[in-house]
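Data block for protein31.cif (mmCIF, C-alpha atoms):
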```cif
data_coords
#
loop_
_atom_site.label_atom_id
_atom_site.label_comp_id
_atom_site.auth_asym_id
_atom_site.auth_seq_id
_atom_site.Cartn_x
_atom_site.Cartn_y
_atom_site.Cartn_z
CA ILE Z 7 14.14 -23.18 -2.29
CA PHE Z 8 15.24 -24.20 1.21
CA THR Z 9 13.09 -26.46 3.40
CA SER Z 10 13.45 -27.60 6.99
CA GLN Z 11 11.55 -29.86 9.38
CA ASP Z 12 13.00 -28.25 12.51
CA GLY Z 13 14.12 -24.77 11.45
CA ILE Z 14 17.74 -25.73 12.15
CA ASN Z 15 18.75 -28.15 9.41
CA TRP Z 16 17.93 -26.99 5.88
CA THR Z 17 17.79 -28.73 2.49
CA ARG Z 18 18.19 -26.85 -0.78
CA LYS Z 19 16.13 -27.65 -3.85
CA ARG Z 20 17.04 -25.99 -7.13
CA ILE Z 21 14.04 -24.79 -9.12
CA GLY Z 22 15.78 -23.56 -12.24
CA LYS Z 23 18.27 -21.09 -13.65
CA ASP Z 24 17.80 -17.30 -13.79
CA ILE Z 25 14.75 -17.38 -11.51
CA TRP Z 26 14.19 -14.63 -8.96
CA VAL Z 27 12.10 -15.61 -5.93
CA ALA Z 28 10.00 -12.72 -4.62
CA ASN Z 29 7.86 -14.25 -1.90
CA VAL Z 30 6.72 -17.49 -0.23
CA ILE Z 31 3.47 -18.06 1.66
CA TYR Z 32 1.46 -20.91 3.18
CA GLY Z 33 -2.33 -20.97 3.36
CA ASN Z 34 -5.30 -23.27 2.81
CA GLY Z 35 -3.02 -26.33 2.74
CA LEU Z 36 -0.81 -24.96 -0.01
CA PHE Z 37 2.66 -23.43 -0.30
CA ILE Z 38 2.97 -20.75 -2.98
CA VAL Z 39 6.24 -19.26 -4.19
CA ALA Z 40 6.05 -16.12 -6.33
CA VAL Z 41 8.78 -15.92 -8.96
CA ASP Z 42 9.34 -13.74 -12.01
CA ASN Z 43 8.22 -14.35 -15.62
CA ASN Z 44 4.51 -14.53 -14.71
CA THR Z 45 5.02 -17.76 -12.80
CA ILE Z 46 4.19 -19.20 -9.40
CA LEU Z 47 5.28 -22.49 -7.83
CA ILE Z 48 2.75 -24.46 -5.80
CA SER Z 49 3.21 -27.40 -3.45
CA LYS Z 50 1.20 -29.28 -0.85
CA ASP Z 51 4.20 -30.70 0.97
CA GLY Z 52 7.01 -28.20 0.26
CA MET Z 53 8.96 -30.90 -1.55
CA GLN Z 54 7.24 -31.47 -4.89
CA TRP Z 55 6.63 -28.25 -6.82
CA THR Z 56 4.48 -27.46 -9.85
CA LYS Z 57 4.92 -24.39 -12.03
CA ARG Z 58 1.84 -22.46 -13.04
CA LYS Z 59 1.54 -19.43 -15.26
CA VAL Z 60 -0.32 -16.39 -13.93
CA LYS Z 61 -1.26 -13.07 -15.49
CA ALA Z 62 1.54 -11.02 -13.92
CA SER Z 63 4.86 -11.37 -12.12
CA PHE Z 64 3.60 -11.38 -8.54
CA ARG Z 65 5.62 -9.23 -6.16
CA ASN Z 66 3.84 -10.32 -3.03
CA VAL Z 67 1.40 -13.09 -2.13
CA LYS Z 68 -0.44 -13.32 1.20
CA TYR Z 69 -3.18 -15.55 2.59
CA LEU Z 70 -5.65 -13.27 4.35
CA LYS Z 71 -9.13 -13.92 5.68
CA ASP Z 72 -10.16 -16.83 3.43
CA HIS Z 73 -8.24 -16.31 0.17
CA PHE Z 74 -4.90 -15.56 -1.39
CA ILE Z 75 -4.16 -12.01 -2.50
CA ALA Z 76 -1.29 -10.88 -4.72
CA SER Z 77 0.06 -7.77 -6.39
CA GLY Z 78 1.70 -7.79 -9.78
CA ALA Z 79 3.71 -4.88 -11.15
CA VAL Z 80 3.31 -4.08 -14.83
CA THR Z 81 6.47 -2.67 -16.41
CA ILE Z 82 6.94 -0.36 -19.36
CA GLY Z 83 10.50 -0.56 -20.60
CA GLU Z 84 12.67 -1.03 -17.52
CA ASP Z 85 10.39 0.85 -15.13
CA ALA Z 86 7.46 -0.34 -13.03
CA ALA Z 87 4.43 1.60 -14.25
CA TYR Z 88 1.45 0.39 -12.22
CA SER Z 89 0.13 -2.51 -10.15
CA ASN Z 90 -2.73 -4.94 -10.55
CA ILE Z 91 -4.27 -6.83 -7.63
CA TYR Z 92 -5.28 -10.48 -7.98
CA ALA Z 93 -7.17 -12.89 -5.73
CA SER Z 94 -7.60 -16.67 -5.57
CA LYS Z 95 -9.54 -19.07 -3.35
CA ASP Z 96 -7.46 -22.12 -4.26
CA GLY Z 97 -4.08 -20.60 -5.18
CA ILE Z 98 -4.42 -21.98 -8.71
CA ASN Z 99 -7.08 -19.87 -10.43
CA TRP Z 100 -6.49 -16.13 -10.13
CA THR Z 101 -8.85 -13.23 -10.88
CA LYS Z 102 -7.85 -9.61 -11.38
CA GLN Z 103 -9.56 -7.46 -8.75
CA GLN Z 104 -8.35 -3.97 -9.62
CA SER Z 105 -5.89 -2.67 -12.19
CA ASN Z 106 -3.76 0.32 -13.17
CA ILE Z 107 -3.00 1.45 -9.62
CA VAL Z 108 0.00 3.79 -9.74
CA TYR Z 109 1.44 2.30 -6.57
CA PHE Z 110 3.90 -0.50 -5.82
CA PHE Z 111 2.59 -2.90 -3.18
CA GLU Z 112 5.16 -4.42 -0.84
CA ASP Z 113 2.85 -6.09 1.68
CA PHE Z 114 -0.77 -6.67 2.76
CA ALA Z 115 -2.56 -7.24 6.05
CA TYR Z 116 -6.14 -7.94 7.15
CA GLY Z 117 -7.83 -6.98 10.40
CA ASN Z 118 -10.88 -5.26 11.84
CA GLY Z 119 -12.83 -6.05 8.64
CA LEU Z 120 -10.31 -4.27 6.40
CA PHE Z 121 -7.54 -5.18 3.96
CA VAL Z 122 -4.61 -2.75 3.93
CA GLY Z 123 -1.87 -2.62 1.29
CA VAL Z 124 1.38 -0.68 1.74
CA GLY Z 125 4.32 0.19 -0.50
CA GLY Z 126 5.36 3.31 -2.38
CA ASP Z 127 4.57 5.53 -5.33
CA MET Z 128 5.92 4.76 -8.80
CA ALA Z 129 8.03 7.40 -10.51
CA GLY Z 130 10.48 5.37 -12.55
CA GLU Z 131 11.61 4.03 -9.18
CA ILE Z 132 9.73 3.26 -6.00
CA ILE Z 133 9.60 6.40 -3.86
CA PRO Z 134 8.02 7.39 -0.53
CA SER Z 135 4.27 7.95 -0.67
CA ASP Z 136 1.79 9.85 1.46
CA SER Z 137 -0.83 7.12 0.95
CA ILE Z 138 -1.80 3.50 1.47
CA TYR Z 139 -4.65 1.49 -0.06
CA VAL Z 140 -7.55 -0.08 1.82
CA SER Z 141 -10.37 -2.43 0.86
CA LYS Z 142 -13.35 -3.95 2.66
CA ASP Z 143 -13.73 -6.88 0.25
CA GLY Z 144 -10.28 -7.26 -1.35
CA LYS Z 145 -11.78 -6.29 -4.71
CA VAL Z 146 -12.25 -2.52 -4.68
CA TRP Z 147 -9.26 -0.60 -3.31
CA ASN Z 148 -9.21 3.07 -2.29
CA LYS Z 149 -6.30 5.39 -1.57
CA ARG Z 150 -6.01 6.83 1.93
CA LYS Z 151 -3.67 9.56 3.14
CA ILE Z 152 -1.43 8.66 6.08
CA GLY Z 153 -0.28 12.15 7.06
CA THR Z 154 3.38 11.60 6.23
CA LYS Z 155 5.58 10.37 3.39
CA ALA Z 156 7.20 6.96 3.69
CA LYS Z 157 8.13 3.93 1.65
CA LEU Z 158 6.47 1.16 3.62
CA GLU Z 159 7.87 -2.35 3.26
CA GLY Z 160 5.85 -4.37 5.75
CA ILE Z 161 2.53 -4.43 7.59
CA THR Z 162 0.84 -6.72 10.08
CA TYR Z 163 -2.27 -6.82 12.25
CA GLY Z 164 -2.30 -7.99 15.84
CA ASN Z 165 -3.73 -7.16 19.24
CA GLY Z 166 -6.30 -4.86 17.61
CA LEU Z 167 -3.63 -2.81 15.83
CA PHE Z 168 -2.27 -2.36 12.32
CA ILE Z 169 1.46 -1.60 12.26
CA ALA Z 170 3.35 -0.66 9.09
CA VAL Z 171 7.11 -0.14 8.85
CA GLY Z 172 9.61 1.36 6.42
CA GLY Z 173 11.61 4.53 5.98
CA ASP Z 174 11.20 8.14 4.84
CA GLU Z 175 12.98 10.46 2.41
CA ASN Z 176 15.55 11.43 5.05
CA ASN Z 177 16.53 7.83 5.78
CA ASN Z 178 14.68 7.79 9.09
CA GLY Z 179 13.07 4.56 10.21
CA VAL Z 180 9.28 4.87 10.34
CA ILE Z 181 6.64 2.93 12.28
CA LEU Z 182 2.97 3.73 11.64
CA THR Z 183 0.18 2.45 13.90
CA SER Z 184 -3.57 2.44 13.39
CA LYS Z 185 -6.55 0.89 15.15
CA ASP Z 186 -8.87 1.15 12.15
CA GLY Z 187 -6.53 1.14 9.14
CA ILE Z 188 -7.68 4.65 8.23
CA ASN Z 189 -6.17 7.00 10.80
CA TRP Z 190 -2.43 6.57 11.35
CA LYS Z 191 0.06 7.69 13.97
CA LYS Z 192 3.75 8.03 13.08
CA GLN Z 193 6.67 6.97 15.26
CA ASN Z 194 10.22 7.95 14.34
CA VAL Z 195 12.67 5.29 15.42
CA GLY Z 196 15.98 6.95 14.54
CA LYS Z 197 18.26 8.27 11.82
CA ASP Z 198 19.97 6.02 9.25
CA ILE Z 199 17.52 3.21 9.96
CA TRP Z 200 15.48 1.26 7.44
CA LEU Z 201 12.79 -1.20 8.50
CA THR Z 202 11.97 -3.99 6.07
CA GLY Z 203 9.43 -6.28 7.69
CA ILE Z 204 7.11 -6.93 10.62
CA THR Z 205 5.15 -9.84 12.05
CA TYR Z 206 2.95 -10.51 15.07
CA ALA Z 207 2.99 -13.78 17.00
CA ASN Z 208 2.75 -15.01 20.59
CA GLY Z 209 1.67 -11.57 21.82
CA LEU Z 210 4.71 -9.84 20.33
CA PHE Z 211 5.34 -7.49 17.39
CA VAL Z 212 8.75 -8.13 15.79
CA VAL Z 213 10.31 -5.69 13.30
CA VAL Z 214 13.45 -6.36 11.26
CA GLY Z 215 15.74 -3.94 9.41
CA TRP Z 216 19.18 -2.41 9.59
CA LYS Z 217 21.05 0.59 10.99
CA ASP Z 218 23.49 2.18 8.51
CA ASN Z 219 25.88 3.89 10.91
CA ASP Z 220 26.35 0.93 13.26
CA LYS Z 221 29.35 -0.88 11.75
CA ASN Z 222 29.62 -3.36 14.59
CA ASN Z 223 25.95 -4.33 14.70
CA PRO Z 224 24.06 -3.16 11.60
CA ASP Z 225 21.30 -5.79 11.78
CA LEU Z 226 18.27 -4.55 13.67
CA ILE Z 227 15.41 -6.32 15.45
CA LEU Z 228 12.82 -4.32 17.39
CA ILE Z 229 10.22 -5.93 19.65
CA SER Z 230 7.09 -4.59 21.30
CA ARG Z 231 4.00 -5.93 23.07
CA ASP Z 232 1.81 -2.87 22.56
CA GLY Z 233 3.17 -1.29 19.35
CA GLU Z 234 4.14 1.84 21.27
CA LYS Z 235 7.22 0.98 23.31
CA TRP Z 236 9.99 -0.67 21.29
CA THR Z 237 13.12 -2.46 22.48
CA ARG Z 238 16.10 -3.42 20.37
CA ALA Z 239 16.64 -7.16 20.64
CA LYS Z 240 20.10 -8.58 21.23
CA ILE Z 241 21.42 -10.64 18.33
CA VAL Z 242 23.72 -13.46 19.39
CA GLU Z 243 26.21 -14.77 16.82
#
```
Here is the file; what I need is its structure written in the form of structure tokens.
Amino acid sequence: IFTSQDGINWTRKRIGKDIWVANVIYGNGLFIVAVDNNTILISKDGMQWTKRKVKASFRNVKYLKDHFIASGAVTIGEDAAYSNIYASKDGINWTKQQSNIVYFFEDFAYGNGLFVGVGGDMAGEIIPSDSIYVSKDGKVWNKRKIGTKAKLEGITYGNGLFIAVGGDENNNGVILTSKDGINWKKQNVGKDIWLTGITYANGLFVVVGWKDNDKNNPDLILISRDGEKWTRAKIVE
């Protein structure tokens, strides 16, 4: 785990051997790191960490509305078979909300009174899906069609808009936008592009990913104020 007071100078803290870190989040005065082997690490200061066992290997943890939410993939053999969704008020005690969802959740967002989870279908591997999952309470989740097939790796809510990003079966970058989390509009952003994450802050949507056929500048950052018009940001070495 790397920590920094200023975002420039970083200190490394080793947390153990053969540990794979999936996700880190801060909420309700607590840092949570999701690792494998049905374990999370929790800390109030980012320096002293405590291991706690949970009921699944969490793939993703977010703090949304007033509680933590996490997805845990259940594997059969070497393949991911289905996902369970868990919730916690304090980050310590976790309750299963819904189980046996044949979908692999990569990210969650909350806005306009709705939780939205994105990812991909499970078929031995994670593949593009024509659906997302939505919930009003974070407990009961329902599948919704999005009108296209994509493996979505990130979602955020800002400025009255949900935006999800990823790629499709033809290796095209995909941006999906929705005002209500139910009806979605697709934007193609180019061939040989894969988008891996999105955030919203300071009035700006920021998307990260890469462009396969750009040998000189494969790293990709897209920015937008309205979620409709996107500009590629300049990356300075």
What does the PyMOL selection byres ((chain Z and resi 138-151) around 6) select in this file, as a compact mmCIF listing (two decimals) with C-alpha atoms, keeping the file's coordinate frame?
```
# COMPACT_ATOMS: atom_id res chain seq x y z
CA GLN Z 103 -9.56 -7.46 -8.75
CA LEU Z 120 -10.31 -4.27 6.40
CA PHE Z 121 -7.54 -5.18 3.96
CA VAL Z 122 -4.61 -2.75 3.93
CA GLY Z 123 -1.87 -2.62 1.29
CA VAL Z 124 1.38 -0.68 1.74
CA ASP Z 136 1.79 9.85 1.46
CA SER Z 137 -0.83 7.12 0.95
CA ILE Z 152 -1.43 8.66 6.08
CA GLY Z 153 -0.28 12.15 7.06
```
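Using all atoms listed in the file for every distance, the candidate list Z:Gly22, Z:Gly35, Z:Gly179, Z:Gly97 yields Z:Gly97 as the residue closest to Z:Lys59.
Distance check against Z:Val171 using all atoms listed in the file: of Z:Val242, Z:Val30, Z:Val214, Z:Ile107, the minimum falls on Z:Val214.
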Discussion item. Assuming the chain letters and numbering stay as they are in my file, what does the PyMOL selection byres ((chain Z and resi 205-208) around 10) actually select? List them as a ChimeraX atom specification.
Written reply: /Z:160-165,169-170,203-204,209-214,229-231
Draw an axis-aligned box tight on the listed atoms of stretch 34-38 of chain Z, then pad every side by 8 Å and write out centre and edge lengths in Å to one decimal as JSON.
```
{"center_x": -1.2, "center_y": -23.5, "center_z": -0.1, "size_x": 24.3, "size_y": 21.6, "size_z": 21.8}
```
Discussion item. For this structure, which residues satisfy the selection - the PyMOL selection byres ((chain Z and resi 71) around 12) - when it is evaluated on the file as given? I want them as number ranges by chain.
Written reply: Z: 33-34, 68-70, 72-75, 93-95, 114-121, 142-144, 163
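One distance worth recording is that between atom CA of Z:Asp51 and atom CA of Z:Glu112, which is 26.4 Å.
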Item to complete: List every protein, DNA or RNA residue that has an atom no more than 12 Å from (2.3, -13.4, -4.5) in the file's coordinate frame, counting all atoms listed in the file, and report them as a VMD selection string.
Response: chain Z and resid 27 to 33 37 to 42 44 to 48 60 to 70 73 to 79 90 to 94 97 to 98 100 111 to 114
Worksheet item: How far is it from atom CA of Z:Ser135 to atom CA of Z:Ile188, in Å with one decimal?
Response: 15.3 Å
Discussion item. Given only C-alpha atoms as the basis, pick out the residue of Z:Leu226, Z:Ile7, Z:Val108, Z:Ile21 nearest to Z:Ile241.
Written reply: Z:Leu226
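Between atom CA of Z:Trp16 and atom CA of Z:Thr202 lies a distance of 23.8 Å.
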Discussion item. Considering all atoms listed in the file, can you say which of Z:Gly215, Z:Pro134, Z:Pro224, Z:Gly196 comes closest to Z:Glu175?
Written reply: Z:Pro134
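Residues surrounding stretch 197-200 of chain Z within 6 Å are Gly172, Gly173, Asn177, Asn178, Gly179, Gly215, Trp216, Lys217 and Asp218 of chain Z [only C-alpha atoms; sequence separation below 6 positions excluded].
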Worksheet item: Looking at only C-alpha atoms, which of Z:Ile25, Z:Val195, Z:Leu167, Z:Ile132 is the one that sits closest to Z:Ile181?
Response: Z:Val195
